[in-house]
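For reference, the structure discussed in these notes is given below.
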Amino acid sequence: MEHQHLANAGQESHSPAPGEDFLPEKNSFMKRYAYAIKAVIIGFLVLVLLIPTAMIMNLIREREQRSDEATAEISSKWGEAQTLTGPIIIIPYVDTPGHRAYALFLPDKLNINGELLPEMRHRGIYETVVYSSHLQVSGNFAPLTTDIPADKLLINEAVIAVGVSDMRGISNQPNMQLNGKDYLFSPGVTIQSVFNNGMQARIPLTKTDSGWTAGDFSINLDLRGSGQVHFSPVGKTTQVNITSNWANPQFDGQFLPVKSVVKSTGFTAAWQVSHLNRNFPQSLTTKDEVNLRSYDFGIKLFLPVDGYQQSTRAVKYAILIIGLSFLVFYFIELLQRLYVHPLQYILIGFALVLFYTLLIALAEQLNFGIAYLIASGMTIALVTAYTASIFNNFRVGSGIGGVLVILYGAIYVILRAEDLSLLMGSLGLFIILAIVMFFSRKIKWQELKGNE
């Protein structure tokens with residue numbers, strides 16, 4: 001009986017109280033792996049904070065769309081991007097009884113000398129670049145040669161036509177001299193399949209032993225536009241020389257300039273294109289269905305700092321800033337035996353995300369560099385003060401502030417070094433990984449597990 005009583009007493013000492021089944025074992029597991037569970041929670045919070053980051057990306061796209069709408073509104077009143085094509089000679093001929101077609105003759109030499117005078121225009125907080133230009137177009141036509149029978153050509157209806165993509169940009173009465181005589185242009189072109197928009201002038205052709213000739217021409221054209229200006233190389237030899245006081249040109253199109261000089265005070269650029277560089281002849285007809293603008297080249301007036309583009313690139317590094325900041329806090333918890341509540345992680349994460357909305361708003365009003373400095377300074381000050389408060393330790397708060405200064409400074413350097421951004425970013429991540437691996441050596445993982 002005595003032995004049975006002792007056995008029963010032993011069983012009672014190990015029996016759990018009602019409602020407390022296995023609770024000691026559960027608490028033991030949670031304490032033992034508390035550091036690992038905390039790491040999982042922190043990783044989950046980083047992923048959750050990517051949701052407001054994605055919303056910020058949508059905000060940037062919305063603001064950029066409004067900027068594009070403001071730019072389009074200014075361009076619609078000043079003049080769109082311009083393309084100058086020609087001049088070319090157009091002669092109608094009788095293709096079949098009762099039906100006309102058109103023969104096109106391109107110049108033998110085409111020289112365009114001009115000056116671009118850009119200026120900034122604003123609509124609210126948005127700005128765009130527009131320009132005025134003074135263009136001197138000159139050259140000559142070789143004797144016209146064609147397989148079309150002479151009796152089919154309607155020589156008396158020959159015109160010289162010039163394509164201008166947006167006629168609203170013409171700011172003078174263009175005057176053409178042909179063989180020393182003045183001719184005035186009229187709006188519109190004979191055939192829309194050649195130019196959607198343009199102007200033309202009726203001209204006389206002279207009969208010579210070599211064929212019909214038009215001779216030398218010279219045109220003065222003042223043209224306004226927005227953003228870019230292009231030229232079509234319709235000459236057998238086409239030479240274009242442009243000067244401007246704009247310091248940030250972008251040469252684009254089918255041909256780059258053979259010579260260009262870009263300085264802080266402006267640029268000069270020269271193109272030279274041969275008829276062998278394109279895939280259409282000097283004389284053709286509308287039945288050939290050739291696009292004279294398929295080999296255009298020219299200049300974009302590049303805005304050196306696009307705040308929305310820079311902000312978009314900055315947001316792409318959000319996961320790096322948030323993740324590394326949380327990692328530093330986690331290491332402080334492990335090394336200094338301090339505690340940060342998950343809610344405090346969330347508040348710090350919101351402060352880091354709010355940096356990007358501050359950056360976007362400030363970049364619309366200020367230079368991007370200044371906006372980045374102010375937004376990052378406000379964020380660093382807030383997180384530093386909050387960290388010093390929750391740890392009740394100014395040194396720890398200052399350390400976190402120093403880490404954020406390094407992170408935001410490194411991201412800014414990467415944003416500015418566009419061509420080297422991948423290299424610098426990869427090296428930066430390698431250095432960060434090395435630092436994390438170094439400090440993680442000091443964490444006694446087995447000791448944490450055993451003590452807890």
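Lettering and numbering for the structure tokens are positional, with chains as A, B, ... in the shown order, residues counted from 1 in each chain, and ligands counted from 1 in the shown order.
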
Can you list every residue of stretch 37-102 of chain A that has an atom at most 9 Å from stretch 321-337 of chain A, with its nearest atom pair and the distance in Å to one decimal, using only C-alpha atoms, ordered by chain then number, as CSV?
residue,atom,partner,partner_atom,distance
A:Lys38,CA,A:Tyr330,CA,8.4
A:Ala39,CA,A:Tyr330,CA,7.6
A:Ile42,CA,A:Phe326,CA,7.1
A:Gly43,CA,A:Gly323,CA,7.8
A:Val46,CA,A:Gly323,CA,6.2
A:Leu49,CA,A:Ile322,CA,8.3

Check stretch 154-376 of chain A with DSSP on the backbone and list each residue it calls alpha helix (DSSP H), as a ChimeraX atom specification. /A:307-315,318-336,342-363,368-376

Hey, what's within 12 Å of A:Lys236 if we count only C-alpha atoms and toss same-chain stuff fewer than 3 positions away? As a PDB file with N, CA, C and O atoms, in the first residue's frame, please?
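For reference, around-v8.pdb as written:
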ATOM      1  N   GLY A  86      13.008  67.462 -97.161  1.00  0.00           N
ATOM      2  CA  GLY A  86      13.031  68.137 -98.451  1.00  0.00           C
ATOM      3  C   GLY A  86      13.974  69.327 -98.455  1.00  0.00           C
ATOM      4  O   GLY A  86      14.786  69.500 -97.543  1.00  0.00           O
ATOM      5  N   ILE A  88      11.812  68.719-102.230  1.00  0.00           N
ATOM      6  CA  ILE A  88      11.811  67.791-103.363  1.00  0.00           C
ATOM      7  C   ILE A  88      10.916  68.385-104.456  1.00  0.00           C
ATOM      8  O   ILE A  88      10.066  69.245-104.183  1.00  0.00           O
ATOM      9  N   PHE A 105      11.483  63.955-107.425  1.00  0.00           N
ATOM     10  CA  PHE A 105      12.908  64.145-107.724  1.00  0.00           C
ATOM     11  C   PHE A 105      13.576  64.782-106.499  1.00  0.00           C
ATOM     12  O   PHE A 105      13.163  65.856-106.036  1.00  0.00           O
ATOM     13  N   LEU A 106      14.597  64.116-106.005  1.00  0.00           N
ATOM     14  CA  LEU A 106      15.280  64.574-104.794  1.00  0.00           C
ATOM     15  C   LEU A 106      16.487  65.418-105.159  1.00  0.00           C
ATOM     16  O   LEU A 106      17.064  65.267-106.243  1.00  0.00           O
ATOM     17  N   PRO A 107      16.900  66.337-104.290  1.00  0.00           N
ATOM     18  CA  PRO A 107      18.010  67.243-104.620  1.00  0.00           C
ATOM     19  C   PRO A 107      19.340  66.511-104.736  1.00  0.00           C
ATOM     20  O   PRO A 107      19.570  65.479-104.092  1.00  0.00           O
ATOM     21  N   ASP A 108      20.204  67.077-105.575  1.00  0.00           N
ATOM     22  CA  ASP A 108      21.542  66.509-105.716  1.00  0.00           C
ATOM     23  C   ASP A 108      22.393  66.845-104.492  1.00  0.00           C
ATOM     24  O   ASP A 108      23.085  65.990-103.946  1.00  0.00           O
ATOM     25  N   LYS A 109      22.321  68.092-104.048  1.00  0.00           N
ATOM     26  CA  LYS A 109      23.009  68.521-102.830  1.00  0.00           C
ATOM     27  C   LYS A 109      21.994  69.174-101.905  1.00  0.00           C
ATOM     28  O   LYS A 109      21.155  69.963-102.360  1.00  0.00           O
ATOM     29  N   LEU A 110      22.102  68.832-100.635  1.00  0.00           N
ATOM     30  CA  LEU A 110      21.223  69.426 -99.627  1.00  0.00           C
ATOM     31  C   LEU A 110      22.069  69.838 -98.433  1.00  0.00           C
ATOM     32  O   LEU A 110      22.698  68.996 -97.777  1.00  0.00           O
ATOM     33  N   ASN A 111      22.101  71.140 -98.170  1.00  0.00           N
ATOM     34  CA  ASN A 111      22.850  71.679 -97.032  1.00  0.00           C
ATOM     35  C   ASN A 111      21.882  72.388 -96.088  1.00  0.00           C
ATOM     36  O   ASN A 111      21.079  73.226 -96.525  1.00  0.00           O
ATOM     37  N   GLY A 139      20.921  74.209-101.662  1.00  0.00           N
ATOM     38  CA  GLY A 139      21.396  73.080-102.457  1.00  0.00           C
ATOM     39  C   GLY A 139      21.024  73.267-103.913  1.00  0.00           C
ATOM     40  O   GLY A 139      20.761  74.387-104.368  1.00  0.00           O
ATOM     41  N   ASN A 140      21.008  72.177-104.640  1.00  0.00           N
ATOM     42  CA  ASN A 140      20.655  72.257-106.055  1.00  0.00           C
ATOM     43  C   ASN A 140      20.085  70.920-106.523  1.00  0.00           C
ATOM     44  O   ASN A 140      20.285  69.870-105.897  1.00  0.00           O
ATOM     45  N   PHE A 141      19.349  70.988-107.622  1.00  0.00           N
ATOM     46  CA  PHE A 141      18.809  69.802-108.273  1.00  0.00           C
ATOM     47  C   PHE A 141      19.596  69.529-109.549  1.00  0.00           C
ATOM     48  O   PHE A 141      19.868  70.443-110.336  1.00  0.00           O
ATOM     49  N   ALA A 142      19.974  68.280-109.728  1.00  0.00           N
ATOM     50  CA  ALA A 142      20.596  67.872-110.993  1.00  0.00           C
ATOM     51  C   ALA A 142      19.511  67.803-112.070  1.00  0.00           C
ATOM     52  O   ALA A 142      18.310  67.802-111.758  1.00  0.00           O
ATOM     53  N   SER A 232      15.520  64.749 -92.678  1.00  0.00           N
ATOM     54  CA  SER A 232      15.486  63.601 -93.586  1.00  0.00           C
ATOM     55  C   SER A 232      16.588  63.764 -94.629  1.00  0.00           C
ATOM     56  O   SER A 232      16.649  64.795 -95.315  1.00  0.00           O
ATOM     57  N   PRO A 233      17.455  62.761 -94.799  1.00  0.00           N
ATOM     58  CA  PRO A 233      18.574  62.879 -95.757  1.00  0.00           C
ATOM     59  C   PRO A 233      18.127  62.553 -97.181  1.00  0.00           C
ATOM     60  O   PRO A 233      18.443  61.494 -97.728  1.00  0.00           O
ATOM     61  N   GLN A 239      24.244  67.421 -95.961  1.00  0.00           N
ATOM     62  CA  GLN A 239      25.100  67.942 -94.902  1.00  0.00           C
ATOM     63  C   GLN A 239      24.260  68.821 -93.988  1.00  0.00           C
ATOM     64  O   GLN A 239      23.559  69.716 -94.455  1.00  0.00           O
ATOM     65  N   GLN A 272      26.945  64.184 -92.200  1.00  0.00           N
ATOM     66  CA  GLN A 272      27.143  64.051 -93.642  1.00  0.00           C
ATOM     67  C   GLN A 272      26.642  62.671 -94.049  1.00  0.00           C
ATOM     68  O   GLN A 272      27.166  61.646 -93.610  1.00  0.00           O
ATOM     69  N   VAL A 273      25.618  62.654 -94.921  1.00  0.00           N
ATOM     70  CA  VAL A 273      24.971  61.402 -95.311  1.00  0.00           C
ATOM     71  C   VAL A 273      24.943  61.318 -96.822  1.00  0.00           C
ATOM     72  O   VAL A 273      24.566  62.278 -97.512  1.00  0.00           O
ATOM     73  N   SER A 274      25.329  60.184 -97.346  1.00  0.00           N
ATOM     74  CA  SER A 274      25.308  59.936 -98.786  1.00  0.00           C
ATOM     75  C   SER A 274      24.045  59.176 -99.175  1.00  0.00           C
ATOM     76  O   SER A 274      23.424  58.499 -98.331  1.00  0.00           O
ATOM     77  N   HIS A 275      23.666  59.276-100.461  1.00  0.00           N
ATOM     78  CA  HIS A 275      22.501  58.519-100.927  1.00  0.00           C
ATOM     79  C   HIS A 275      22.741  57.015-100.845  1.00  0.00           C
ATOM     80  O   HIS A 275      21.790  56.223-100.828  1.00  0.00           O
ATOM     81  N   LEU A 276      24.012  56.608-100.767  1.00  0.00           N
ATOM     82  CA  LEU A 276      24.319  55.183-100.637  1.00  0.00           C
ATOM     83  C   LEU A 276      24.018  54.667 -99.226  1.00  0.00           C
ATOM     84  O   LEU A 276      23.966  53.453 -99.016  1.00  0.00           O
ATOM     85  N   ASN A 277      23.805  55.588 -98.285  1.00  0.00           N
ATOM     86  CA  ASN A 277      23.501  55.185 -96.906  1.00  0.00           C
ATOM     87  C   ASN A 277      22.021  54.907 -96.681  1.00  0.00           C
ATOM     88  O   ASN A 277      21.635  54.538 -95.569  1.00  0.00           O
ATOM     89  N   ARG A 278      21.212  55.092 -97.721  1.00  0.00           N
ATOM     90  CA  ARG A 278      19.777  54.842 -97.574  1.00  0.00           C
ATOM     91  C   ARG A 278      19.295  53.969 -98.738  1.00  0.00           C
ATOM     92  O   ARG A 278      20.029  53.757 -99.706  1.00  0.00           O
ATOM     93  N   ASN A 279      18.053  53.497 -98.621  1.00  0.00           N
ATOM     94  CA  ASN A 279      17.583  52.480 -99.561  1.00  0.00           C
ATOM     95  C   ASN A 279      16.478  52.997-100.477  1.00  0.00           C
ATOM     96  O   ASN A 279      15.488  52.323-100.711  1.00  0.00           O
ATOM     97  N   PHE A 280      16.646  54.221-100.995  1.00  0.00           N
ATOM     98  CA  PHE A 280      15.734  54.693-102.041  1.00  0.00           C
ATOM     99  C   PHE A 280      16.512  55.614-102.978  1.00  0.00           C
ATOM    100  O   PHE A 280      17.473  56.268-102.570  1.00  0.00           O
ATOM    101  N   PRO A 281      16.120  55.655-104.266  1.00  0.00           N
ATOM    102  CA  PRO A 281      16.868  56.400-105.283  1.00  0.00           C
ATOM    103  C   PRO A 281      16.547  57.884-105.259  1.00  0.00           C
ATOM    104  O   PRO A 281      15.714  58.357-104.486  1.00  0.00           O
ATOM    105  N   GLN A 282      17.214  58.619-106.172  1.00  0.00           N
ATOM    106  CA  GLN A 282      17.013  60.062-106.257  1.00  0.00           C
ATOM    107  C   GLN A 282      15.767  60.443-107.036  1.00  0.00           C
ATOM    108  O   GLN A 282      15.283  61.557-106.920  1.00  0.00           O
ATOM    109  N   SER A 283      15.273  59.542-107.834  1.00  0.00           N
ATOM    110  CA  SER A 283      14.005  59.801-108.542  1.00  0.00           C
ATOM    111  C   SER A 283      13.115  58.569-108.377  1.00  0.00           C
ATOM    112  O   SER A 283      13.572  57.442-108.512  1.00  0.00           O
TER     113      SER A 283
END

Write out as a Markdown table the residues of stretch 201-303 of chain A that have any atom within 6 Å of an atom of stretch 131-134 of chain A, one row each with the nearest atom pair and its distance in Å to one decimal, counting only C-alpha atoms, sorted by chain and then rising number.
| residue | atom | partner | partner_atom | distance |
| --- | --- | --- | --- | --- |
| A:Asp222 | CA | A:His134 | CA | 4.7 |
| A:Leu223 | CA | A:Ser133 | CA | 5.2 |
| A:Arg224 | CA | A:Ser132 | CA | 4.4 |
| A:Gly225 | CA | A:Tyr131 | CA | 5.5 |

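Residue neighbourhood of stretch 341-343 of chain A, excluding near-sequence residues (fewer than 5 positions): Lys38, Ile41, Ile42, Leu45, Ile348, Gly349 and Ile390 of chain A, at 10 Å, using only C-alpha atoms.
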
Export of prior selection with all heavy atoms as a compact mmCIF listing (two decimals), in the first residue's frame:
# COMPACT_ATOMS: atom_id res chain seq x y z
N LYS A 38 12.06 35.38 -34.23
CA LYS A 38 12.14 36.82 -34.42
C LYS A 38 12.68 37.15 -35.81
O LYS A 38 12.20 38.08 -36.47
CB LYS A 38 13.05 37.43 -33.35
CG LYS A 38 13.07 38.96 -33.32
CD LYS A 38 11.72 39.51 -32.92
CE LYS A 38 11.75 41.00 -32.65
NZ LYS A 38 12.48 41.37 -31.43
N ILE A 41 9.91 36.70 -38.31
CA ILE A 41 8.96 37.82 -38.21
C ILE A 41 9.51 39.06 -38.91
O ILE A 41 8.81 39.75 -39.65
CB ILE A 41 8.63 38.11 -36.74
CG1 ILE A 41 7.87 36.95 -36.12
CG2 ILE A 41 7.82 39.41 -36.62
CD1 ILE A 41 7.64 37.09 -34.64
N ILE A 42 10.79 39.33 -38.67
CA ILE A 42 11.41 40.50 -39.30
C ILE A 42 11.42 40.36 -40.82
O ILE A 42 11.10 41.31 -41.55
CB ILE A 42 12.84 40.69 -38.76
CG1 ILE A 42 12.80 41.09 -37.28
CG2 ILE A 42 13.59 41.76 -39.57
CD1 ILE A 42 14.16 41.13 -36.63
N LEU A 45 8.02 41.10 -42.10
CA LEU A 45 7.72 42.53 -42.06
C LEU A 45 8.37 43.26 -43.25
O LEU A 45 7.79 44.19 -43.81
CB LEU A 45 8.19 43.14 -40.75
CG LEU A 45 7.43 42.71 -39.49
CD1 LEU A 45 8.05 43.36 -38.26
CD2 LEU A 45 5.96 43.08 -39.59
N ILE A 348 9.47 51.91 -37.66
CA ILE A 348 10.74 52.28 -38.31
C ILE A 348 10.65 52.03 -39.81
O ILE A 348 11.11 52.84 -40.62
CB ILE A 348 11.90 51.48 -37.69
CG1 ILE A 348 12.11 51.91 -36.23
CG2 ILE A 348 13.18 51.68 -38.50
CD1 ILE A 348 13.04 51.02 -35.46
N GLY A 349 10.01 50.91 -40.20
CA GLY A 349 9.84 50.62 -41.62
C GLY A 349 9.00 51.66 -42.33
O GLY A 349 9.30 52.08 -43.45
N ILE A 390 13.91 54.32 -27.76
CA ILE A 390 13.45 52.97 -27.38
C ILE A 390 14.55 52.19 -26.69
O ILE A 390 14.28 51.32 -25.85
CB ILE A 390 12.93 52.20 -28.61
CG1 ILE A 390 14.04 52.00 -29.65
CG2 ILE A 390 11.73 52.88 -29.21
CD1 ILE A 390 13.60 51.18 -30.85

Please list as an MDAnalysis selection string every residue within 9 Å of A:Ile160, counting only C-alpha atoms and excluding residues in the same chain fewer than 3 positions away. chainID A and resid 86:91 185 199:203

Deliver the residues from the most recent selection as a file, using N, CA, C and O atoms, as an mmCIF file, in the first residue's frame.
data_model
loop_
_atom_site.group_PDB
_atom_site.id
_atom_site.type_symbol
_atom_site.label_atom_id
_atom_site.label_comp_id
_atom_site.auth_asym_id
_atom_site.auth_seq_id
_atom_site.Cartn_x
_atom_site.Cartn_y
_atom_site.Cartn_z
ATOM 1 N N GLY A 86 13.008 67.462 -97.161
ATOM 2 C CA GLY A 86 13.031 68.137 -98.451
ATOM 3 C C GLY A 86 13.974 69.327 -98.455
ATOM 4 O O GLY A 86 14.786 69.500 -97.543
ATOM 5 N N PRO A 87 13.847 70.121 -99.526
ATOM 6 C CA PRO A 87 12.780 70.146 -100.532
ATOM 7 C C PRO A 87 12.936 69.058 -101.607
ATOM 8 O O PRO A 87 14.034 68.562 -101.832
ATOM 9 N N ILE A 88 11.812 68.719 -102.230
ATOM 10 C CA ILE A 88 11.811 67.791 -103.363
ATOM 11 C C ILE A 88 10.916 68.385 -104.456
ATOM 12 O O ILE A 88 10.066 69.245 -104.183
ATOM 13 N N ILE A 89 11.162 67.954 -105.676
ATOM 14 C CA ILE A 89 10.320 68.380 -106.810
ATOM 15 C C ILE A 89 9.269 67.311 -107.055
ATOM 16 O O ILE A 89 9.583 66.111 -107.109
ATOM 17 N N ILE A 90 8.022 67.745 -107.191
ATOM 18 C CA ILE A 90 6.906 66.836 -107.487
ATOM 19 C C ILE A 90 6.309 67.248 -108.838
ATOM 20 O O ILE A 90 5.916 68.402 -109.024
ATOM 21 N N ILE A 91 6.250 66.295 -109.761
ATOM 22 C CA ILE A 91 5.677 66.549 -111.092
ATOM 23 C C ILE A 91 4.582 65.515 -111.352
ATOM 24 O O ILE A 91 4.854 64.301 -111.317
ATOM 25 N N PHE A 185 5.885 80.191 -100.479
ATOM 26 C CA PHE A 185 5.261 78.890 -100.268
ATOM 27 C C PHE A 185 3.796 79.056 -99.896
ATOM 28 O O PHE A 185 3.388 80.046 -99.270
ATOM 29 N N MET A 199 4.523 72.371 -97.124
ATOM 30 C CA MET A 199 4.222 73.549 -97.930
ATOM 31 C C MET A 199 4.858 73.355 -99.301
ATOM 32 O O MET A 199 5.799 72.555 -99.454
ATOM 33 N N GLN A 200 4.350 74.087 -100.289
ATOM 34 C CA GLN A 200 4.877 73.941 -101.636
ATOM 35 C C GLN A 200 4.760 75.244 -102.409
ATOM 36 O O GLN A 200 4.020 76.148 -102.028
ATOM 37 N N ALA A 201 5.542 75.312 -103.479
ATOM 38 C CA ALA A 201 5.525 76.492 -104.353
ATOM 39 C C ALA A 201 5.623 76.022 -105.800
ATOM 40 O O ALA A 201 6.432 75.128 -106.117
ATOM 41 N N ARG A 202 4.793 76.601 -106.641
ATOM 42 C CA ARG A 202 4.839 76.267 -108.072
ATOM 43 C C ARG A 202 6.103 76.874 -108.677
ATOM 44 O O ARG A 202 6.420 78.037 -108.419
ATOM 45 N N ILE A 203 6.845 76.118 -109.493
ATOM 46 C CA ILE A 203 8.115 76.581 -110.060
ATOM 47 C C ILE A 203 8.156 76.289 -111.553
ATOM 48 O O ILE A 203 7.509 75.351 -112.039
#

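From atom CA of A:Gln344 back to atom CA of A:Asn392, the distance works out to 14.1 Å.
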
Neighbours of A:Ser426 within 12 Å (only C-alpha atoms; same-chain residues fewer than 6 positions away dropped), as a count of residues only? 6
